[in-house]
>>> print(open('data-v4.csv').read())   # CSV, C-alpha atoms
chain,number,residue,atom,x,y,z
A,1,MET,CA,66.4,61.9,-0.7
A,2,ASN,CA,67.9,59.1,-2.8
A,3,THR,CA,66.4,57.8,-6.0
A,4,ARG,CA,65.0,54.2,-6.1
A,5,GLN,CA,68.2,53.1,-8.0
A,6,GLN,CA,70.4,54.7,-5.3
A,7,GLN,CA,68.4,52.8,-2.7
A,8,LEU,CA,68.8,49.5,-4.5
A,9,ASP,CA,72.5,50.2,-5.0
A,10,ALA,CA,73.0,50.8,-1.3
A,11,PHE,CA,71.2,47.6,-0.4
A,12,SER,CA,73.3,45.7,-2.9
A,13,ARG,CA,76.4,47.2,-1.3
A,14,LEU,CA,75.2,45.9,2.1
A,15,LEU,CA,74.7,42.4,0.6
A,16,ASP,CA,78.2,42.4,-0.9
A,17,ILE,CA,79.7,43.5,2.4
A,18,MET,CA,77.8,40.7,4.2
A,19,ASP,CA,79.2,38.2,1.8
A,20,ASP,CA,82.7,39.5,2.5
A,21,LEU,CA,82.3,39.4,6.3
A,22,ARG,CA,80.8,36.0,6.3
A,23,GLU,CA,83.8,34.7,4.3
A,24,LYS,CA,86.7,36.6,5.9
A,25,CYS,CA,85.8,37.8,9.4
A,26,PRO,CA,86.5,35.3,12.2
A,27,TRP,CA,83.7,36.7,14.4
A,28,ASP,CA,81.1,36.9,11.6
A,29,LYS,CA,81.9,33.4,10.3
A,30,LYS,CA,81.1,32.0,13.8
A,31,GLN,CA,77.7,33.5,14.1
A,32,THR,CA,74.5,31.3,14.0
A,33,LEU,CA,70.8,32.1,14.0
A,34,GLU,CA,70.8,31.3,17.7
A,35,SER,CA,73.9,33.4,18.6
A,36,LEU,CA,72.5,36.5,16.9
A,37,ARG,CA,69.1,36.3,18.6
A,38,HIS,CA,69.9,38.2,21.8
A,39,LEU,CA,71.9,40.8,19.8
A,40,THR,CA,68.9,41.4,17.6
A,41,ILE,CA,66.6,41.9,20.5
A,42,GLU,CA,69.1,44.4,22.0
A,43,GLU,CA,69.3,46.3,18.7
A,44,VAL,CA,65.5,46.6,18.5
A,45,TYR,CA,65.4,48.0,22.0
A,46,GLU,CA,68.1,50.5,21.1
A,47,LEU,CA,65.9,51.5,18.1
A,48,GLY,CA,63.0,51.9,20.5
A,49,ASP,CA,65.0,54.2,22.7
A,50,ALA,CA,66.0,56.4,19.7
A,51,ILE,CA,62.3,56.6,18.6
A,52,LEU,CA,61.2,57.7,22.1
A,53,ASP,CA,64.0,60.3,22.2
A,54,ASN,CA,62.9,61.5,18.7
A,55,ASP,CA,66.5,61.4,17.7
A,56,LEU,CA,66.2,61.0,13.9
A,57,ASP,CA,70.0,60.6,13.3
A,58,GLU,CA,70.1,57.9,15.9
A,59,ILE,CA,67.0,56.2,14.5
A,60,LYS,CA,68.8,56.1,11.1
A,61,LYS,CA,71.8,54.4,12.7
A,62,GLU,CA,69.8,51.9,14.7
A,63,LEU,CA,67.6,51.0,11.6
A,64,GLY,CA,70.9,50.2,9.9
A,65,ASP,CA,71.8,47.8,12.7
A,66,VAL,CA,68.5,46.1,12.5
A,67,LEU,CA,68.7,45.9,8.7
A,68,LEU,CA,72.2,44.3,9.1
A,69,HIS,CA,70.7,41.6,11.3
A,70,ILE,CA,68.0,40.8,8.7
A,71,VAL,CA,70.6,40.5,6.0
A,72,PHE,CA,72.8,38.4,8.4
A,73,TYR,CA,70.0,35.9,9.1
A,74,SER,CA,69.2,35.7,5.4
A,75,LYS,CA,72.8,35.0,4.5
A,76,ILE,CA,72.9,32.2,7.0
A,77,GLY,CA,69.6,30.9,5.6
A,78,SER,CA,71.1,30.8,2.1
A,79,GLU,CA,74.1,28.9,3.4
A,80,LYS,CA,71.6,26.3,4.8
A,81,LYS,CA,69.9,26.2,1.4
A,82,ALA,CA,66.7,27.2,3.2
A,83,PHE,CA,66.0,30.8,2.1
A,84,ASP,CA,67.8,34.0,1.0
A,85,ILE,CA,67.0,37.7,1.2
A,86,ALA,CA,64.8,37.5,-2.0
A,87,ASP,CA,62.7,34.8,-0.3
A,88,VAL,CA,62.4,37.0,2.8
A,89,ALA,CA,61.4,40.1,0.8
A,90,ASN,CA,58.9,38.1,-1.5
A,91,SER,CA,57.4,36.5,1.6
A,92,ILE,CA,56.5,39.8,3.2
A,93,CYS,CA,55.4,41.2,-0.2
A,94,ASP,CA,53.0,38.3,-0.7
A,95,LYS,CA,51.6,38.6,2.8
A,96,LEU,CA,51.0,42.4,2.4
A,97,ILE,CA,49.2,41.8,-0.9
A,98,ASP,CA,47.1,39.0,0.6
A,99,ARG,CA,46.3,41.0,3.8
A,100,HIS,CA,45.3,44.2,1.9
A,101,PRO,CA,42.4,43.1,-0.4
A,102,HIS,CA,41.1,46.7,-0.1
A,103,ILE,CA,44.1,47.8,-2.1
A,104,TYR,CA,44.9,44.7,-4.3
A,105,GLY,CA,41.4,43.3,-4.5
A,106,ASP,CA,37.8,44.3,-4.5
A,107,VAL,CA,37.1,44.6,-0.8
A,108,VAL,CA,35.8,48.0,0.4
A,109,VAL,CA,36.7,49.4,3.8
A,110,GLU,CA,35.6,52.7,5.3
A,111,ASN,CA,38.2,53.2,8.1
A,112,GLU,CA,41.3,51.9,9.8
A,113,GLU,CA,39.3,49.8,12.2
A,114,GLN,CA,37.8,47.8,9.4
A,115,VAL,CA,41.3,47.2,8.0
A,116,LYS,CA,42.4,45.8,11.3
A,117,GLN,CA,39.3,43.6,11.6
A,118,ASN,CA,39.8,42.2,8.1
A,119,TRP,CA,43.5,41.5,8.9
A,120,GLU,CA,42.6,39.3,11.8
A,121,LYS,CA,39.9,37.5,9.9
A,122,LEU,CA,42.3,36.8,7.0
A,123,LYS,CA,44.8,35.3,9.4
A,124,LEU,CA,42.2,32.8,10.6
A,125,LYS,CA,41.5,31.9,7.0
A,126,GLU,CA,45.2,31.2,6.5
A,127,GLY,CA,44.9,28.3,9.0
A,128,LYS,CA,45.5,29.9,12.4
A,129,LYS,CA,43.3,28.4,15.0
A,130,SER,CA,43.3,31.5,17.3
A,131,VAL,CA,43.8,35.2,16.7
A,132,LEU,CA,46.3,35.0,19.7
A,133,GLU,CA,48.7,32.7,17.8
A,134,GLY,CA,50.5,35.7,16.5
A,135,VAL,CA,51.5,37.0,19.9
A,136,PRO,CA,55.1,36.0,20.6
A,137,LYS,CA,55.6,34.1,23.8
A,138,SER,CA,58.8,35.9,24.7
A,139,LEU,CA,57.3,39.4,24.5
A,140,PRO,CA,57.6,41.5,27.7
A,141,ALA,CA,54.4,41.1,29.7
A,142,MET,CA,53.2,44.7,29.2
A,143,VAL,CA,53.7,44.6,25.5
A,144,LYS,CA,52.1,41.2,25.3
A,145,ALA,CA,49.0,42.4,27.2
A,146,SER,CA,48.7,45.3,24.7
A,147,ARG,CA,49.0,42.9,21.8
A,148,ILE,CA,46.5,40.4,23.2
A,149,GLN,CA,43.9,43.2,23.7
A,150,ASP,CA,44.5,44.6,20.3
A,151,LYS,CA,44.2,41.1,18.7
A,152,VAL,CA,40.8,40.2,20.4
A,153,LYS,CA,39.5,43.7,19.5
A,154,GLY,CA,40.1,42.8,15.9
A,155,VAL,CA,37.3,40.2,16.1
A,156,GLY,CA,34.9,42.3,18.1
A,157,PHE,CA,35.8,41.2,21.7
A,158,ASP,CA,36.0,44.6,23.3
A,159,TRP,CA,34.4,47.2,25.5
A,160,GLU,CA,32.1,49.7,23.9
A,161,GLU,CA,32.9,52.8,25.9
A,162,PRO,CA,35.9,54.1,27.9
A,163,HIS,CA,33.9,54.6,31.0
A,164,GLN,CA,33.2,50.8,31.1
A,165,VAL,CA,36.9,50.1,31.1
A,166,TRP,CA,37.5,52.7,33.9
A,167,GLU,CA,34.8,51.0,35.9
A,168,LYS,CA,36.6,47.7,35.4
A,169,VAL,CA,39.9,49.3,36.6
A,170,GLN,CA,38.1,50.5,39.8
A,171,GLU,CA,36.6,47.1,40.3
A,172,GLU,CA,40.0,45.4,40.0
A,173,LEU,CA,41.5,47.9,42.4
A,174,SER,CA,38.9,47.2,44.9
A,175,GLU,CA,39.5,43.4,44.6
A,176,LEU,CA,43.3,44.0,45.0
A,177,GLN,CA,42.7,46.1,48.1
A,178,HIS,CA,40.5,43.3,49.6
A,179,GLU,CA,43.2,40.7,49.0
A,180,VAL,CA,45.9,43.0,50.5
A,181,SER,CA,43.8,43.1,53.6
A,182,THR,CA,43.7,39.3,53.8
A,183,GLY,CA,47.4,38.9,53.3
A,184,ASN,CA,47.3,36.1,50.8
A,185,GLN,CA,50.4,36.8,48.7
A,186,ASP,CA,49.3,34.6,45.8
A,187,LYS,CA,45.9,36.2,45.4
A,188,ILE,CA,47.5,39.7,45.8
A,189,GLU,CA,49.8,38.9,42.9
A,190,ALA,CA,46.9,37.7,40.8
A,191,GLU,CA,44.8,40.7,41.5
A,192,PHE,CA,47.7,43.1,40.9
A,193,GLY,CA,48.1,41.5,37.5
A,194,ASP,CA,44.4,42.1,36.8
A,195,VAL,CA,44.8,45.8,37.8
A,196,LEU,CA,47.7,46.1,35.4
A,197,PHE,CA,45.9,44.3,32.6
A,198,SER,CA,42.8,46.5,33.0
A,199,MET,CA,45.0,49.7,33.1
A,200,ILE,CA,46.7,48.7,29.9
A,201,ASN,CA,43.2,48.2,28.4
A,202,TYR,CA,42.2,51.6,29.6
A,203,ALA,CA,45.3,53.1,28.0
A,204,ARG,CA,44.2,51.7,24.7
A,205,PHE,CA,40.9,53.6,25.0
A,206,LEU,CA,42.8,56.8,25.7
A,207,ASN,CA,45.0,56.2,22.6
A,208,VAL,CA,48.0,55.9,24.9
A,209,ASN,CA,50.7,53.3,24.4
A,210,PRO,CA,51.3,52.0,27.9
A,211,GLU,CA,54.9,50.9,27.2
A,212,ASP,CA,55.8,54.3,25.8
A,213,ALA,CA,54.0,56.0,28.7
A,214,LEU,CA,55.9,54.0,31.3
A,215,GLU,CA,59.2,54.5,29.6
A,216,ARG,CA,58.6,58.2,29.5
A,217,THR,CA,58.0,58.2,33.2
A,218,ASN,CA,61.1,56.0,33.7
A,219,LYS,CA,63.2,58.6,31.9
A,220,LYS,CA,61.6,61.5,33.8
A,221,PHE,CA,62.3,59.8,37.2
A,222,MET,CA,65.9,58.9,36.2
A,223,LYS,CA,66.6,62.5,35.1
A,224,ARG,CA,65.2,63.9,38.4
A,225,PHE,CA,67.0,61.4,40.6
A,226,MET,CA,70.3,62.1,38.8
A,227,TYR,CA,69.7,65.8,39.5
A,228,LEU,CA,69.2,64.9,43.1
A,229,GLU,CA,72.5,63.0,43.2
A,230,SER,CA,74.3,65.9,41.6
A,231,LYS,CA,73.0,68.3,44.2
A,232,ALA,CA,74.0,65.9,47.0
A,233,ASN,CA,77.5,65.8,45.5
A,234,GLU,CA,77.6,69.6,45.4
A,235,ILE,CA,77.0,69.9,49.1
A,236,GLY,CA,79.2,67.0,49.9
A,237,LYS,CA,76.5,65.0,51.6
A,238,PRO,CA,75.7,61.4,50.5
A,239,LEU,CA,72.0,60.6,49.8
A,240,SER,CA,72.1,57.9,52.5
A,241,ASP,CA,72.8,60.7,55.1
A,242,MET,CA,70.1,63.0,53.9
A,243,THR,CA,66.5,63.0,55.3
A,244,LEU,CA,63.6,62.6,52.9
A,245,ALA,CA,62.7,66.2,53.6
A,246,GLU,CA,66.2,67.3,52.5
A,247,MET,CA,66.0,65.2,49.4
A,248,ASP,CA,62.5,66.5,48.6
A,249,VAL,CA,63.8,70.0,48.3
A,250,PHE,CA,66.1,69.0,45.4
A,251,TRP,CA,63.4,66.8,43.9
A,252,GLU,CA,61.0,69.7,43.7
A,253,GLU,CA,63.8,71.7,42.0
A,254,ALA,CA,64.2,69.0,39.5
A,255,LYS,CA,60.5,68.9,38.7
A,256,LYS,CA,60.7,72.6,37.8
A,257,LEU,CA,63.5,72.2,35.3
>>> encode(input="data-v4.csv", output="structure tokens")
Amino acid sequence: MNTRQQQLDAFSRLLDIMDDLREKCPWDKKQTLESLRHLTIEEVYELGDAILDNDLDEIKKELGDVLLHIVFYSKIGSEKKAFDIADVANSICDKLIDRHPHIYGDVVVENEEQVKQNWEKLKLKEGKKSVLEGVPKSLPAMVKASRIQDKVKGVGFDWEEPHQVWEKVQEELSELQHEVSTGNQDKIEAEFGDVLFSMINYARFLNVNPEDALERTNKKFMKRFMYLESKANEIGKPLSDMTLAEMDVFWEEAKKL
């Protein structure tokens, strides 16, 4: 691994390159905070894919892309005389010190759960009116549900036992089934949302990340379906001309791979 000085030199090199690009490259010169936003979101998703694939080399590359965006935003901030990369780094350093009084102060904690509870209480002391203020509005719904549940847990609003959450899931499923029988589409959607929310809550009690779990299933399904497509091509018969029974033979083969 690199020494601390080598790490600092590499970061300094990136800052120098960013200065050059902002001054000389037509594309880089045009970029704004707003124009970079959707690209940053895309890079974070690509990093997430690499993490799920456990591809360490790809994780390294995607982290570099994300780091570039942080440096890019900071460069634009400095041009606006609003902030630079040092302000960004010092801001997060100050926050980490303030939010970890058990490391940088005299607070005593016994476990990870107490650390998380103190974190939420400290944020309220900083002036936030609700523990939910820190949940980004633009998060995907499933990720947002997880963050909401995690946030309220930090102030003690939570179930006590996993079986209670599972009973809630069953209750919500029953209510969904009832609304399906009535045919009221608006109520069906509302109850379906309740089922998903309760399942996400149950996942938390099982120490399962629902987003990762669903993406794992997505990847598994895609791999099996692509195997099915390849087999259909081998026999020269389009999927649209195959019966479900015929497709199921190849599907079962895919599951065994």
>>> residues_around(input="data-v4.csv", residues="stretch 48-61 of chain A", least_positions_apart="4", cutoff="12 Å", atoms="only C-alpha atoms", output="list in words")
Ile41, Glu42, Glu43, Val44, Asp65, Val66, Leu67, Leu68, Asn209, Glu211, Asp212, Ala213, Leu214, Glu215, Arg216, Thr217, Asn218, Lys219 and Lys220 of chain A
>>> closest_residue(input="data-v4.csv", among="A:Ile148, A:Ile85, A:Cys25, A:Asp194", to="A:Ser12", atoms="all atoms listed in the file")
A:Ile85
>>> atom_distance(input="data-v4.csv", atom1="atom CA of A:Glu79", atom2="atom CA of A:Leu39")
20.4 Å
>>> residues_around(input="data-v4.csv", residues="A:Ala203", least_positions_apart="2", cutoff="12 Å", atoms="all atoms listed in the file", output="PyMOL selection string")
chain A and resi 142+145-146+149-150+162-163+165-166+169+196-201+205-214
>>> residues_around(input="data-v4.csv", residues="stretch 112-126 of chain A", least_positions_apart="3", cutoff="7 Å", atoms="only C-alpha atoms", output="MDAnalysis selection string")
chainID A and resid 99 109 129:131 154:155
>>> closest_residue(input="data-v4.csv", among="A:Ile76, A:Ala82, A:Met242, A:Leu47", to="A:Glu62", atoms="all atoms listed in the file")
A:Leu47
>>> decode(input="data-v4.csv", residues="stretch 81-97 of chain A", atoms="all heavy atoms", output="CSV table (one decimal), in the first residue's frame")
chain,number,residue,atom,x,y,z
A,81,LYS,N,-16.2,31.4,-5.5
A,81,LYS,CA,-15.8,31.9,-4.3
A,81,LYS,C,-16.7,31.5,-3.1
A,81,LYS,O,-16.9,32.2,-2.1
A,81,LYS,CB,-15.8,33.5,-4.3
A,81,LYS,CG,-15.1,34.1,-5.5
A,81,LYS,CD,-13.6,33.8,-5.5
A,81,LYS,CE,-12.9,34.5,-6.6
A,81,LYS,NZ,-11.5,34.1,-6.7
A,82,ALA,N,-17.2,30.3,-3.2
A,82,ALA,CA,-18.1,29.7,-2.2
A,82,ALA,C,-17.4,28.7,-1.3
A,82,ALA,O,-17.6,28.8,-0.1
A,82,ALA,CB,-19.3,29.1,-2.9
A,83,PHE,N,-16.6,27.8,-1.9
A,83,PHE,CA,-15.9,26.8,-1.1
A,83,PHE,C,-14.9,26.2,-2.0
A,83,PHE,O,-15.0,26.2,-3.2
A,83,PHE,CB,-16.8,25.8,-0.5
A,83,PHE,CG,-17.6,25.0,-1.6
A,83,PHE,CD1,-17.1,23.9,-2.2
A,83,PHE,CD2,-18.9,25.4,-1.9
A,83,PHE,CE1,-17.8,23.2,-3.2
A,83,PHE,CE2,-19.6,24.8,-2.9
A,83,PHE,CZ,-19.1,23.6,-3.5
A,84,ASP,N,-13.9,25.5,-1.4
A,84,ASP,CA,-12.9,24.7,-2.2
A,84,ASP,C,-12.8,23.4,-1.5
A,84,ASP,O,-13.5,23.0,-0.5
A,84,ASP,CB,-11.6,25.5,-2.4
A,84,ASP,CG,-10.9,25.7,-1.0
A,84,ASP,OD1,-11.2,25.1,0.0
A,84,ASP,OD2,-9.9,26.5,-1.0
A,85,ILE,N,-11.9,22.6,-2.0
A,85,ILE,CA,-11.7,21.2,-1.6
A,85,ILE,C,-11.3,21.1,-0.1
A,85,ILE,O,-11.7,20.2,0.6
A,85,ILE,CB,-10.7,20.4,-2.4
A,85,ILE,CG1,-10.8,18.9,-2.1
A,85,ILE,CG2,-9.3,20.9,-2.3
A,85,ILE,CD1,-12.1,18.2,-2.5
A,86,ALA,N,-10.6,22.1,0.4
A,86,ALA,CA,-10.2,22.1,1.8
A,86,ALA,C,-11.4,22.4,2.7
A,86,ALA,O,-11.5,21.8,3.7
A,86,ALA,CB,-9.1,23.2,2.0
A,87,ASP,N,-12.3,23.3,2.2
A,87,ASP,CA,-13.5,23.5,3.0
A,87,ASP,C,-14.4,22.3,3.0
A,87,ASP,O,-15.0,21.9,4.1
A,87,ASP,CB,-14.3,24.6,2.3
A,87,ASP,CG,-13.6,26.0,2.3
A,87,ASP,OD1,-13.0,26.3,3.4
A,87,ASP,OD2,-13.6,26.7,1.3
A,88,VAL,N,-14.4,21.5,1.9
A,88,VAL,CA,-15.2,20.3,1.9
A,88,VAL,C,-14.6,19.3,2.9
A,88,VAL,O,-15.4,18.7,3.7
A,88,VAL,CB,-15.2,19.7,0.5
A,88,VAL,CG1,-15.9,18.3,0.4
A,88,VAL,CG2,-16.0,20.6,-0.5
A,89,ALA,N,-13.3,19.1,2.8
A,89,ALA,CA,-12.7,18.1,3.7
A,89,ALA,C,-12.8,18.5,5.2
A,89,ALA,O,-13.1,17.7,6.1
A,89,ALA,CB,-11.2,18.0,3.3
A,90,ASN,N,-12.6,19.8,5.5
A,90,ASN,CA,-12.7,20.3,6.9
A,90,ASN,C,-14.1,20.2,7.4
A,90,ASN,O,-14.3,19.9,8.6
A,90,ASN,CB,-12.2,21.7,7.0
A,90,ASN,CG,-10.7,21.8,6.9
A,90,ASN,OD1,-10.0,20.9,7.5
A,90,ASN,ND2,-10.1,22.9,6.3
A,91,SER,N,-15.1,20.4,6.5
A,91,SER,CA,-16.5,20.3,6.9
A,91,SER,C,-16.8,18.9,7.4
A,91,SER,O,-17.4,18.7,8.4
A,91,SER,CB,-17.4,20.7,5.7
A,91,SER,OG,-18.7,20.6,6.1
A,92,ILE,N,-16.4,17.9,6.6
A,92,ILE,CA,-16.7,16.5,7.0
A,92,ILE,C,-15.9,16.1,8.2
A,92,ILE,O,-16.3,15.4,9.1
A,92,ILE,CB,-16.5,15.5,5.9
A,92,ILE,CG1,-17.0,14.2,6.2
A,92,ILE,CG2,-15.1,15.5,5.4
A,92,ILE,CD1,-18.5,14.1,6.6
A,93,CYS,N,-14.6,16.6,8.3
A,93,CYS,CA,-13.8,16.3,9.5
A,93,CYS,C,-14.5,16.9,10.8
A,93,CYS,O,-14.6,16.2,11.8
A,93,CYS,CB,-12.4,17.0,9.4
A,93,CYS,SG,-11.4,16.1,8.2
A,94,ASP,N,-14.9,18.1,10.7
A,94,ASP,CA,-15.6,18.8,11.9
A,94,ASP,C,-16.9,18.0,12.2
A,94,ASP,O,-17.1,17.8,13.4
A,94,ASP,CB,-16.0,20.2,11.6
A,94,ASP,CG,-14.8,21.1,11.4
A,94,ASP,OD1,-13.7,20.7,11.9
A,94,ASP,OD2,-14.9,22.2,10.8
A,95,LYS,N,-17.6,17.6,11.2
A,95,LYS,CA,-18.8,16.8,11.5
A,95,LYS,C,-18.5,15.5,12.2
A,95,LYS,O,-19.2,15.1,13.2
A,95,LYS,CB,-19.6,16.6,10.2
A,95,LYS,CG,-20.9,15.8,10.4
A,95,LYS,CD,-21.5,15.3,9.1
A,95,LYS,CE,-22.2,16.4,8.4
A,95,LYS,NZ,-22.9,15.9,7.2
A,96,LEU,N,-17.5,14.8,11.7
A,96,LEU,CA,-17.1,13.5,12.3
A,96,LEU,C,-16.7,13.6,13.7
A,96,LEU,O,-17.0,12.8,14.6
A,96,LEU,CB,-16.0,12.8,11.4
A,96,LEU,CG,-16.5,12.3,10.1
A,96,LEU,CD1,-15.3,11.9,9.2
A,96,LEU,CD2,-17.5,11.2,10.2
A,97,ILE,N,-15.9,14.7,14.0
A,97,ILE,CA,-15.5,14.9,15.4
A,97,ILE,C,-16.7,15.2,16.3
A,97,ILE,O,-16.8,14.7,17.4
A,97,ILE,CB,-14.4,16.0,15.4
A,97,ILE,CG1,-13.1,15.5,14.7
A,97,ILE,CG2,-14.1,16.5,16.9
A,97,ILE,CD1,-12.1,16.6,14.5
